[in-house]
>>> print(open('start26.cif').read())   # mmCIF, C-alpha atoms
data_coords
#
loop_
_atom_site.label_atom_id
_atom_site.label_comp_id
_atom_site.auth_asym_id
_atom_site.auth_seq_id
_atom_site.Cartn_x
_atom_site.Cartn_y
_atom_site.Cartn_z
CA MET A 15 0.00 0.00 0.00
CA ALA A 16 1.42 3.37 -1.02
CA SER A 17 2.27 5.82 1.79
CA PHE A 18 0.04 8.88 1.82
CA PRO A 19 0.75 12.02 3.90
CA PRO A 20 -2.47 13.09 5.69
CA PRO A 21 -3.56 16.71 5.19
CA GLY A 22 -1.69 18.92 7.64
CA SER A 23 1.28 16.56 7.90
CA LEU A 24 4.77 16.99 6.45
CA THR A 25 7.02 14.37 4.90
CA LEU A 26 10.37 13.81 6.62
CA CYS A 27 12.08 10.85 4.90
CA GLU A 28 11.67 7.30 3.61
CA LEU A 29 12.50 4.26 5.72
CA ASN A 30 12.26 1.00 3.80
CA ARG A 31 9.40 1.91 1.44
CA GLU A 32 7.49 3.91 4.04
CA LEU A 33 7.43 7.70 3.78
CA ILE A 34 7.56 9.04 7.34
CA THR A 35 5.41 12.08 8.17
CA VAL A 36 5.52 14.54 11.08
CA ASP A 37 3.30 17.35 12.36
CA ALA A 38 6.11 19.91 12.18
CA LEU A 39 9.66 19.88 10.85
CA SER A 40 12.37 19.97 13.49
CA ASP A 41 16.03 19.01 13.65
CA ASP A 42 15.36 16.94 16.77
CA ARG A 43 12.75 14.78 15.04
CA ALA A 44 14.93 14.46 11.95
CA ASN A 45 17.88 13.40 14.09
CA GLN A 46 15.79 10.76 15.88
CA THR A 47 14.42 9.40 12.59
CA TYR A 48 17.31 9.40 10.12
CA GLY A 49 20.08 11.58 11.58
CA LYS A 50 21.31 8.75 13.80
CA LEU A 51 21.75 6.63 10.66
CA LEU A 52 23.43 9.26 8.50
CA GLY A 53 25.24 11.34 11.12
CA LEU A 54 23.77 14.40 9.43
CA VAL A 55 20.49 16.35 9.49
CA PHE A 56 19.24 18.28 6.46
CA SER A 57 17.42 21.30 7.85
CA PRO A 58 14.99 23.14 5.54
CA VAL A 59 16.58 26.18 3.88
CA PRO A 60 14.22 29.20 3.66
CA PHE A 61 14.13 31.50 0.64
CA GLN A 62 11.83 34.06 -0.98
CA PRO A 63 9.62 32.09 -3.40
CA PRO A 64 8.88 33.50 -6.86
CA PRO A 65 5.36 34.64 -7.80
CA PRO A 66 3.18 31.88 -9.27
CA PRO A 67 3.43 31.51 -13.08
CA LEU A 68 0.72 32.91 -15.29
CA GLU A 69 -1.99 30.50 -16.36
CA THR A 70 -1.78 29.24 -19.94
CA ASP A 71 -4.36 27.76 -22.25
CA ASP A 72 -1.72 25.78 -24.11
CA ILE A 73 -2.85 22.41 -25.35
CA SER A 74 -0.26 20.75 -23.14
CA GLU A 75 -2.46 21.60 -20.14
CA GLN A 76 -5.15 19.21 -21.35
CA LYS A 77 -5.56 15.80 -19.77
CA THR A 78 -4.48 12.95 -22.02
CA THR A 79 -3.49 9.34 -21.82
CA GLU A 80 -1.76 9.08 -25.18
CA THR A 81 0.88 6.42 -25.55
CA THR A 82 4.29 7.96 -26.15
CA THR A 83 5.59 7.32 -29.65
CA ALA A 84 8.54 8.59 -31.61
CA THR A 85 10.19 7.75 -34.88
CA ALA A 86 13.67 8.32 -36.21
CA SER A 87 13.83 10.90 -38.99
CA GLU A 88 16.48 12.30 -41.29
CA ARG A 89 14.73 15.57 -42.05
CA LEU A 90 17.11 18.47 -41.48
CA PRO A 91 15.46 21.74 -42.62
CA ARG A 92 17.87 24.40 -43.75
CA LYS A 93 16.02 27.65 -43.24
CA GLU A 94 14.86 29.13 -39.96
CA PRO A 95 11.64 31.19 -40.17
CA VAL A 96 11.67 34.53 -38.35
CA ALA A 97 8.54 33.60 -36.40
CA ILE A 98 9.82 30.25 -35.23
CA PHE A 99 10.08 31.34 -31.58
CA GLN A 100 6.70 33.02 -31.27
CA GLY A 101 4.88 31.47 -28.35
CA VAL A 102 7.92 29.58 -27.06
CA VAL A 103 8.29 31.91 -24.07
CA ARG A 104 4.79 30.87 -23.03
CA LEU A 105 5.88 27.21 -23.08
CA LEU A 106 9.09 27.72 -21.09
CA PRO A 107 7.44 27.25 -17.65
CA GLU A 108 6.36 23.79 -18.87
CA VAL A 109 10.00 22.65 -19.04
CA ASN A 110 11.82 21.13 -16.08
CA LEU A 111 14.48 23.84 -15.88
CA GLN A 112 17.18 22.79 -13.42
CA GLY A 113 16.58 25.17 -10.54
CA VAL A 114 18.37 23.10 -7.88
CA SER A 115 21.69 21.24 -8.06
CA TRP A 116 23.75 19.15 -5.63
CA HIS A 117 27.53 19.21 -5.64
CA LEU A 118 28.64 15.74 -6.74
CA ASN A 119 31.15 15.11 -3.98
CA LYS A 120 30.06 17.32 -1.10
CA HIS A 121 26.90 18.07 0.88
CA ILE A 122 26.49 21.45 -0.80
CA ILE A 123 23.29 22.47 -2.51
CA ALA A 124 22.64 25.42 -4.82
CA PHE A 125 19.23 26.61 -5.95
CA ILE A 126 17.60 29.60 -7.62
CA SER A 127 16.28 31.79 -4.82
CA GLY A 128 15.19 34.80 -6.88
CA PRO A 129 15.19 36.22 -10.43
CA GLU A 130 18.76 37.50 -10.02
CA GLN A 131 20.17 35.39 -7.22
CA VAL A 132 21.34 31.90 -6.31
CA LEU A 133 21.60 30.50 -2.79
CA VAL A 134 24.40 28.10 -1.82
CA HIS A 135 24.07 26.08 1.39
CA ASP A 136 26.76 23.81 2.84
CA TYR A 137 25.36 21.20 5.23
CA GLU A 138 28.88 20.36 6.38
CA ASP A 139 29.52 23.94 7.52
CA SER A 140 30.56 24.14 11.17
CA ASP A 141 27.26 25.62 12.32
CA GLY A 142 25.16 24.52 9.32
CA LYS A 143 22.95 27.60 9.45
CA ASP A 144 24.55 30.10 7.09
CA SER A 145 23.92 30.30 3.38
CA ILE A 146 25.74 32.27 0.70
CA ILE A 147 23.79 34.38 -1.79
CA LEU A 148 25.35 34.85 -5.24
CA THR A 149 24.28 37.91 -7.15
CA ASN A 150 25.81 40.09 -9.84
CA GLU A 151 24.66 42.60 -12.44
CA SER A 152 25.51 40.05 -15.16
CA GLN A 153 23.27 37.46 -13.53
CA ARG A 154 19.74 38.42 -14.58
CA ASP A 155 16.60 36.31 -15.08
CA VAL A 156 18.26 33.12 -13.85
CA ASN A 157 16.76 29.92 -15.29
CA VAL A 158 19.20 27.04 -14.73
CA LEU A 159 22.28 26.10 -12.75
CA GLU A 160 24.58 23.10 -12.35
CA TRP A 161 27.71 22.26 -10.34
CA ARG A 162 30.80 21.37 -12.35
CA PRO A 163 31.91 17.72 -12.06
CA ASN A 164 35.55 17.21 -11.03
CA GLY A 165 36.08 20.95 -10.91
CA GLY A 166 36.24 21.88 -7.23
CA ARG A 167 33.43 24.14 -6.12
CA MET A 168 32.49 25.76 -9.43
CA LEU A 169 28.88 26.54 -10.29
CA ALA A 170 27.48 27.46 -13.72
CA VAL A 171 24.42 29.73 -13.70
CA GLY A 172 22.50 30.35 -16.93
CA SER A 173 20.91 33.77 -17.23
CA LYS A 174 20.08 36.50 -19.69
CA SER A 175 22.94 37.02 -22.17
CA GLY A 176 25.20 34.25 -20.89
CA ILE A 177 26.59 31.99 -18.17
CA CYS A 178 28.04 33.11 -14.84
CA LEU A 179 30.79 30.83 -13.52
CA TRP A 180 31.21 31.07 -9.76
CA SER A 181 34.06 29.45 -7.86
CA ALA A 182 34.70 29.05 -4.14
CA SER A 183 37.60 30.95 -2.66
CA TYR A 184 38.91 30.34 0.84
CA PRO A 185 42.12 30.82 2.82
CA GLY A 186 44.94 28.87 1.24
CA ASN A 187 43.06 28.22 -2.00
CA ALA A 188 41.98 31.47 -3.61
CA ALA A 189 39.94 31.34 -6.81
CA SER A 190 41.32 33.19 -9.82
CA ALA A 191 39.27 34.87 -12.52
CA ARG A 192 40.00 34.50 -16.21
CA SER A 193 41.71 37.58 -17.61
CA GLY A 194 39.20 40.29 -18.48
CA THR A 195 36.46 38.99 -16.20
CA ILE A 196 35.05 41.37 -13.60
CA SER A 197 35.08 39.56 -10.29
CA PHE A 198 32.37 39.86 -7.65
CA VAL A 199 32.45 38.47 -4.13
CA GLY A 200 29.42 36.63 -2.77
CA SER A 201 28.46 37.03 0.86
CA LEU A 202 30.71 35.33 3.41
CA SER A 203 29.76 32.20 5.33
CA ARG A 204 30.85 32.74 8.94
CA GLY A 205 31.28 29.05 9.65
CA SER A 206 33.77 28.16 6.93
CA GLY A 207 35.30 31.42 5.74
CA ILE A 208 34.41 30.46 2.17
CA ARG A 209 33.32 33.07 -0.32
CA TYR A 210 32.43 32.76 -3.99
CA LEU A 211 33.93 34.76 -6.85
CA LEU A 212 32.52 35.31 -10.30
CA VAL A 213 35.52 33.96 -12.21
CA ASP A 214 34.12 34.06 -15.75
CA PHE A 215 31.15 35.13 -17.84
CA LEU A 216 30.51 33.17 -21.03
CA ARG A 217 28.48 35.43 -23.27
CA SER A 218 25.88 33.64 -25.38
CA GLN A 219 25.57 34.10 -29.11
CA ASN A 220 23.61 37.29 -29.88
CA ASP A 221 23.03 37.67 -26.12
CA GLU A 222 20.31 35.01 -26.07
CA HIS A 223 18.82 33.99 -22.75
CA VAL A 224 20.52 30.78 -21.54
CA SER A 225 17.74 28.37 -20.53
CA ALA A 226 19.54 25.00 -20.74
CA LEU A 227 22.89 23.85 -19.31
CA THR A 228 24.73 20.54 -18.96
CA TRP A 229 28.33 19.67 -18.05
CA SER A 230 30.31 16.86 -19.60
CA PRO A 231 31.03 14.21 -16.93
CA ASP A 232 34.74 15.09 -16.84
CA GLY A 233 33.93 18.76 -16.26
CA ARG A 234 35.95 19.97 -19.25
CA TYR A 235 33.04 21.05 -21.44
CA LEU A 236 29.83 22.92 -20.75
CA ALA A 237 26.95 22.87 -23.22
CA SER A 238 24.39 25.67 -23.23
CA ALA A 239 21.35 26.63 -25.26
CA SER A 240 18.45 29.04 -25.45
CA TYR A 241 14.77 28.73 -26.25
CA GLU A 242 15.45 31.61 -28.66
CA ARG A 243 17.79 29.68 -30.96
CA SER A 244 17.94 26.29 -32.67
CA SER A 245 21.67 25.74 -32.04
CA PHE A 246 23.52 24.89 -28.85
CA THR A 247 27.06 25.79 -27.85
CA VAL A 248 29.77 23.54 -26.42
CA TRP A 249 32.21 25.58 -24.33
CA ASP A 250 35.82 24.72 -23.57
CA VAL A 251 35.58 26.31 -20.13
CA ALA A 252 39.31 26.69 -19.51
CA GLN A 253 39.67 28.68 -22.72
CA GLY A 254 36.33 30.45 -22.55
CA VAL A 255 35.69 29.47 -26.17
CA GLY A 256 32.36 28.15 -27.45
CA THR A 257 31.56 26.10 -30.58
CA PRO A 258 27.97 26.36 -31.88
CA ILE A 259 26.30 23.16 -33.12
CA ARG A 260 23.02 23.24 -35.02
CA ARG A 261 20.44 20.72 -36.19
CA GLY A 262 16.89 21.43 -37.31
CA LEU A 263 14.40 24.14 -36.40
CA GLY A 264 12.83 25.26 -33.17
CA GLY A 265 14.10 26.69 -29.92
CA ILE A 266 15.87 24.24 -27.61
CA SER A 267 14.03 23.13 -24.48
CA MET A 268 16.62 20.86 -22.84
CA LEU A 269 20.18 19.49 -22.96
CA LYS A 270 21.48 16.43 -21.08
CA TRP A 271 24.96 14.88 -21.26
CA SER A 272 25.00 11.15 -20.48
CA PRO A 273 26.82 10.04 -17.29
CA THR A 274 29.53 8.27 -19.32
CA GLY A 275 29.96 11.16 -21.75
CA ASP A 276 29.34 8.96 -24.79
CA TYR A 277 25.96 10.44 -25.64
CA PHE A 278 24.30 13.83 -25.65
CA PHE A 279 20.59 14.64 -25.70
CA ALA A 280 18.96 17.80 -27.08
CA SER A 281 15.24 18.50 -27.40
CA LYS A 282 13.28 21.26 -29.10
CA PHE A 283 9.90 22.88 -28.62
CA ASP A 284 8.71 21.70 -32.05
CA GLY A 285 8.47 18.11 -30.78
CA THR A 286 11.78 16.87 -32.19
CA PHE A 287 14.71 15.63 -30.15
CA TYR A 288 18.23 14.53 -31.03
CA LEU A 289 20.53 11.81 -29.78
CA TRP A 290 24.20 12.58 -30.43
CA GLU A 291 27.24 10.39 -30.04
CA THR A 292 30.12 12.54 -28.88
CA ASN A 293 32.96 10.70 -30.61
CA THR A 294 32.25 12.29 -34.00
CA TRP A 295 29.23 14.43 -32.98
CA THR A 296 26.89 12.55 -35.27
CA SER A 297 23.18 12.73 -34.44
CA GLU A 298 19.90 10.96 -35.04
CA GLN A 299 16.72 13.02 -35.14
CA TRP A 300 13.48 11.79 -33.55
CA SER A 301 10.00 13.23 -33.76
CA SER A 302 7.30 12.82 -31.12
CA SER A 303 3.51 12.70 -31.46
CA SER A 304 3.18 13.45 -27.72
CA GLY A 305 4.39 17.06 -27.71
CA PHE A 306 7.83 18.35 -26.82
CA VAL A 307 10.17 16.85 -24.23
CA LYS A 308 9.70 18.73 -20.98
CA CYS A 309 11.84 16.48 -18.74
CA ALA A 310 14.75 14.14 -19.44
CA THR A 311 17.01 12.10 -17.17
CA TRP A 312 19.67 9.48 -17.93
CA ASP A 313 20.06 6.17 -16.15
CA PRO A 314 23.34 5.68 -14.20
CA ASP A 315 24.99 3.65 -16.97
CA GLY A 316 24.12 6.05 -19.78
CA ARG A 317 22.39 3.26 -21.74
CA MET A 318 18.88 4.70 -21.60
CA ILE A 319 17.20 8.06 -21.09
CA LEU A 320 13.80 8.62 -19.52
CA LEU A 321 11.58 11.29 -21.10
CA ALA A 322 8.37 13.11 -20.16
CA PHE A 323 6.31 14.75 -22.91
CA SER A 324 4.04 17.78 -22.79
CA LYS A 325 0.96 15.98 -24.12
CA SER A 326 1.24 12.58 -22.48
CA SER A 327 0.81 11.00 -19.05
CA THR A 328 3.08 8.15 -20.15
CA LEU A 329 6.85 8.41 -19.93
CA GLY A 330 9.13 7.20 -22.70
CA SER A 331 12.47 5.40 -22.30
CA VAL A 332 15.00 5.41 -25.11
CA HIS A 333 17.17 2.27 -24.97
CA PHE A 334 20.40 1.98 -26.94
CA ALA A 335 20.57 -1.39 -28.67
CA SER A 336 24.35 -1.61 -28.76
CA LYS A 337 27.48 0.01 -27.34
CA PRO A 338 28.72 3.55 -28.17
CA PRO A 339 29.07 5.12 -30.60
CA SER A 340 26.05 3.33 -32.08
CA LEU A 341 22.89 5.42 -32.31
CA ASP A 342 20.64 2.43 -32.87
CA ALA A 343 17.92 2.91 -30.24
CA HIS A 344 14.30 2.11 -29.41
CA LEU A 345 11.70 4.12 -27.51
CA LEU A 346 9.33 2.25 -25.22
CA PRO A 347 6.47 3.52 -23.02
CA VAL A 348 6.75 3.59 -19.21
CA ASP A 349 3.32 3.74 -17.61
CA LEU A 350 2.61 5.50 -14.32
CA PRO A 351 -1.08 4.63 -13.98
CA GLU A 352 -1.45 6.03 -10.46
CA ILE A 353 -0.74 9.57 -11.67
CA LEU A 354 -4.16 9.55 -13.34
CA SER A 355 -6.15 7.00 -11.33
CA LEU A 356 -5.26 8.30 -7.87
CA THR A 357 -4.51 11.97 -8.21
CA GLY A 358 -6.97 13.24 -10.81
CA SER A 359 -4.05 15.11 -12.36
CA GLN A 360 -3.66 16.63 -15.82
CA GLY A 361 -0.41 14.92 -16.67
CA ILE A 362 3.23 14.80 -15.61
CA GLU A 363 4.98 18.03 -14.72
CA LYS A 364 8.56 17.17 -13.69
CA ILE A 365 10.65 14.05 -13.08
CA ALA A 366 13.97 13.27 -11.39
CA TRP A 367 15.78 9.91 -11.30
CA ASP A 368 18.39 9.16 -8.66
CA SER A 369 21.90 8.09 -9.63
CA SER A 370 21.37 4.48 -8.47
CA GLY A 371 18.35 4.17 -10.77
CA GLU A 372 16.21 2.95 -7.85
CA ARG A 373 14.04 5.98 -7.04
CA LEU A 374 12.01 8.18 -9.39
CA ALA A 375 10.33 11.40 -8.24
CA VAL A 376 7.37 12.70 -10.26
CA SER A 377 5.33 15.88 -9.90
CA PHE A 378 2.06 16.34 -11.77
CA LYS A 379 -0.15 19.14 -13.00
CA GLY A 380 -3.44 19.83 -11.30
CA GLY A 381 -4.66 17.11 -9.02
CA ASP A 382 -7.65 17.08 -6.71
CA ASP A 383 -7.89 18.70 -3.26
CA VAL A 384 -6.24 15.69 -1.61
CA TYR A 385 -3.34 15.03 -4.00
CA GLY A 386 -2.64 18.49 -5.44
CA GLY A 387 0.94 19.69 -4.91
CA LEU A 388 2.37 16.31 -3.88
CA ILE A 389 5.39 14.49 -5.34
CA ALA A 390 5.03 10.79 -6.18
CA VAL A 391 7.99 8.54 -5.34
CA TYR A 392 8.48 5.30 -7.30
CA ASP A 393 10.71 2.30 -6.80
CA THR A 394 12.27 1.61 -10.22
CA ARG A 395 13.99 -1.43 -11.74
CA ARG A 396 15.97 -1.78 -14.98
CA THR A 397 16.08 -5.50 -15.77
CA PRO A 398 16.40 -4.82 -18.66
CA LEU A 399 13.34 -2.61 -19.20
CA ILE A 400 12.14 0.00 -16.73
CA SER A 401 9.43 -1.05 -14.30
CA THR A 402 7.95 1.10 -11.54
CA SER A 403 6.20 0.55 -8.20
CA LEU A 404 4.57 3.44 -6.34
CA ILE A 405 5.97 3.92 -2.81
CA GLY A 406 3.97 6.97 -1.84
CA PHE A 407 3.75 10.76 -1.90
CA ILE A 408 5.76 13.63 -0.41
CA ARG A 409 3.99 16.66 1.05
CA GLY A 410 5.90 19.91 1.53
CA PRO A 411 5.73 22.57 4.25
CA GLY A 412 3.65 25.74 4.37
CA ASP A 413 0.32 26.76 2.90
CA SER A 414 -0.69 24.82 -0.24
CA PRO A 415 2.92 24.03 -1.23
CA LYS A 416 3.74 23.10 -4.80
CA PRO A 417 7.12 21.81 -6.04
CA ILE A 418 8.98 24.44 -8.07
CA SER A 419 12.04 22.31 -8.83
CA PHE A 420 13.70 19.21 -7.43
CA SER A 421 16.82 17.12 -7.91
CA PHE A 422 18.65 14.12 -6.46
CA HIS A 423 22.15 14.22 -5.02
CA GLY A 424 24.43 12.56 -7.56
CA LYS A 425 26.64 10.47 -5.27
CA PHE A 426 25.14 10.27 -1.79
CA LYS A 427 26.48 6.94 -0.52
CA GLN A 428 23.76 6.05 1.99
CA GLY A 429 20.90 6.18 -0.50
CA PRO A 430 18.91 8.56 -2.70
CA LEU A 431 18.72 12.13 -1.41
CA LEU A 432 15.95 14.27 -2.92
CA SER A 433 15.82 18.05 -2.54
CA VAL A 434 12.68 20.02 -3.38
CA CYS A 435 12.20 23.79 -3.65
CA TRP A 436 8.61 24.45 -2.58
CA SER A 437 6.42 27.42 -3.52
CA SER A 438 5.98 28.06 0.21
CA GLY A 439 9.60 29.27 0.41
CA PHE A 440 11.54 26.27 1.71
CA CYS A 441 14.10 23.99 0.09
CA CYS A 442 13.67 20.63 1.86
CA THR A 443 15.86 17.54 1.58
CA TYR A 444 14.42 14.04 1.95
CA PRO A 445 16.71 11.03 2.59
CA LEU A 446 15.17 7.93 0.97
CA LEU A 447 16.68 5.07 2.96
CA PHE A 448 15.87 1.50 2.05
CA ARG A 449 19.04 -0.54 1.92
CA SER A 450 18.97 -3.18 4.63
CA HIS A 451 22.47 -2.42 5.95
CA MET A 452 21.40 1.18 6.65
CA LEU A 453 18.36 0.32 8.74
CA PRO A 454 18.13 -1.22 12.22
#
>>> encode(input="start26.cif", output="structure tokens")
Amino acid sequence: MASFPPPGSLTLCELNRELITVDALSDDRANQTYGKLLGLVFSPVPFQPPPPPLETDDISEQKTTETTTATASERLPRKEPVAIFQGVVRLLPEVNLQGVSWHLNKHIIAFISGPEQVLVHDYEDSDGKDSIILTNESQRDVNVLEWRPNGGRMLAVGSKSGICLWSASYPGNAASARSGTISFVGSLSRGSGIRYLLVDFLRSQNDEHVSALTWSPDGRYLASASYERSSFTVWDVAQGVGTPIRRGLGGISMLKWSPTGDYFFASKFDGTFYLWETNTWTSEQWSSSSGFVKCATWDPDGRMILLAFSKSSTLGSVHFASKPPSLDAHLLPVDLPEILSLTGSQGIEKIAWDSSGERLAVSFKGGDDVYGGLIAVYDTRRTPLISTSLIGFIRGPGDSPKPISFSFHGKFKQGPLLSVCWSSGFCCTYPLLFRSHMLP
């Protein structure tokens, strides 16, 4: 039986397929429940929530149970109509923009805390209470952010006109800015003495608004794109040099590098998406009858990618049939029947898949008075196809909370660690503990 948080309760964590709820969040209760197992408590981090998005009458709001389908295509149009991006801005809130990111190797979280600012919180700080706010005149209308793999404490923040690269600077290891970059110091964390410097600004082509980011797994390259343009750029970060790559029409909605670096995913608002192999940067174009890709997440081995579409309540999983650099792949449906049968929702909103491939978090549009604003948590298996089993639902704090963005920690050893930024103004972290050796 799936765990359901009663109205008025708050979700604290998962213990062996049961989502534990409390009447009020407190460090003492968290310590008694999971802190004694982890040696760490993840206190909620407050922030000023953004105003709710404007309502849209877009067709993607309609309830549908279409089966996800896609076909490979070789059509590569050459001309780009002037009006190609009309209406795309209206669709941007539909996309799962990465508004929260965990550092891969540390207990440091960064999330968008305002139109021009990013909040960085270190749970390993000596007092654990201070956060650092990153803001700069170059950092406007922030949409996405992501920590750099294997690159110390460097954070890429996509905004209007380009990408801000922030790097931690602390006694004995000062960050240095690339020549010509105007540096700005973020506020100081009293506990650690760490501050963040703006060490580079990668200006986008024609000053387009950066709305998609993804690092290569080795941290050498950073890919960026805009809903305003049909090409994406691969940056050599050390040199500050970007190479534009283009295929097809339509503004780009999402970019995702595979965990192994062998493949690269790019989707567009016109319903097409591309699978690239990064050895020769050859691509295969796919077209979807279920709208555009609004969410995408790779499995830990980089052999399949899970997709959510704007006009479907069924996920799609693209499976590669052979080893890289082959682009031979198949797309199969992944049903989440409870999203419709239990919640009364209008389709999937956002998804996140943890790095072990064992937990999937799903938010959904609409929903009735009982289920509205919750996040569904699924147990997932990949043997060899994806199968799901509903564990239960997460309820956030505050008045009528709705998930704005959420993400899993990439390498938390004790189990999946899900962080959610709620519309009520709290970023909450939920340990999902189910491995037998972790539990009494």
>>> closest_atom_pairs(input="start26.cif", of="range 343-442 of chain A", to="range 281-300 of chain A", cutoff="12 Å", atoms="only C-alpha atoms", output="tab-separated table")
residue	atom	partner	partner_atom	distance
A:Ala343	CA	A:Leu289	CA	9.3
A:His344	CA	A:Trp300	CA	10.6
A:Leu345	CA	A:Trp300	CA	9.9
>>> residues_around(input="start26.cif", residues="range 415-423 of chain A", least_positions_apart="4", cutoff="8 Å", atoms="all atoms listed in the file", output="compact mmCIF listing (two decimals) with C-alpha atoms, keeping the file's coordinate frame")
# COMPACT_ATOMS: atom_id res chain seq x y z
CA ASN A 110 11.82 21.13 -16.08
CA LEU A 111 14.48 23.84 -15.88
CA GLN A 112 17.18 22.79 -13.42
CA GLY A 113 16.58 25.17 -10.54
CA VAL A 114 18.37 23.10 -7.88
CA SER A 115 21.69 21.24 -8.06
CA TRP A 116 23.75 19.15 -5.63
CA HIS A 117 27.53 19.21 -5.64
CA LEU A 118 28.64 15.74 -6.74
CA LYS A 364 8.56 17.17 -13.69
CA ALA A 366 13.97 13.27 -11.39
CA TRP A 367 15.78 9.91 -11.30
CA ASP A 368 18.39 9.16 -8.66
CA SER A 369 21.90 8.09 -9.63
CA SER A 377 5.33 15.88 -9.90
CA GLY A 386 -2.64 18.49 -5.44
CA GLY A 387 0.94 19.69 -4.91
CA LEU A 388 2.37 16.31 -3.88
CA ILE A 389 5.39 14.49 -5.34
CA ARG A 409 3.99 16.66 1.05
CA GLY A 410 5.90 19.91 1.53
CA PRO A 411 5.73 22.57 4.25
CA PRO A 430 18.91 8.56 -2.70
CA LEU A 431 18.72 12.13 -1.41
CA LEU A 432 15.95 14.27 -2.92
CA SER A 433 15.82 18.05 -2.54
CA VAL A 434 12.68 20.02 -3.38
CA CYS A 435 12.20 23.79 -3.65
CA TRP A 436 8.61 24.45 -2.58
CA SER A 437 6.42 27.42 -3.52
CA SER A 438 5.98 28.06 0.21
>>> residues_around(input="start26.cif", residues="range 237-251 of chain A", least_positions_apart="3", cutoff="6 Å", atoms="only C-alpha atoms", output="list in words")
His223, Val224, Ser225, Ala226, Leu227, Thr228, Gly254, Val255, Gly256, Thr257, Pro258, Ile259, Arg260, Leu263, Gly264, Gly265, Ile266 and Ser267 of chain A
>>> closest_residue(input="start26.cif", among="A:Gly424, A:Pro273, A:Gly406, A:Gly316", to="Pro20 in chain A", atoms="all atoms listed in the file")
A:Gly406
>>> atom_distance(input="start26.cif", atom1="CA of Pro21 in chain A", atom2="CA of Asp382 in chain A")
12.6 Å
>>> atom_distance(input="start26.cif", atom1="CA of Val102 in chain A", atom2="CA of Leu374 in chain A")
28.1 Å
>>> atom_distance(input="start26.cif", atom1="CA of Pro445 in chain A", atom2="CA of Val171 in chain A")
26.0 Å
>>> decode(input="start26.cif", residues="range 293-314 of chain A", atoms="C-alpha atoms", output="compact mmCIF listing (two decimals), in the first residue's frame")
# COMPACT_ATOMS: atom_id res chain seq x y z
CA ASN A 293 32.96 10.70 -30.61
CA THR A 294 32.25 12.29 -34.00
CA TRP A 295 29.23 14.43 -32.98
CA THR A 296 26.89 12.55 -35.27
CA SER A 297 23.18 12.73 -34.44
CA GLU A 298 19.90 10.96 -35.04
CA GLN A 299 16.72 13.02 -35.14
CA TRP A 300 13.48 11.79 -33.55
CA SER A 301 10.00 13.23 -33.76
CA SER A 302 7.30 12.82 -31.12
CA SER A 303 3.51 12.70 -31.46
CA SER A 304 3.18 13.45 -27.72
CA GLY A 305 4.39 17.06 -27.71
CA PHE A 306 7.83 18.35 -26.82
CA VAL A 307 10.17 16.85 -24.23
CA LYS A 308 9.70 18.73 -20.98
CA CYS A 309 11.84 16.48 -18.74
CA ALA A 310 14.75 14.14 -19.44
CA THR A 311 17.01 12.10 -17.17
CA TRP A 312 19.67 9.48 -17.93
CA ASP A 313 20.06 6.17 -16.15
CA PRO A 314 23.34 5.68 -14.20
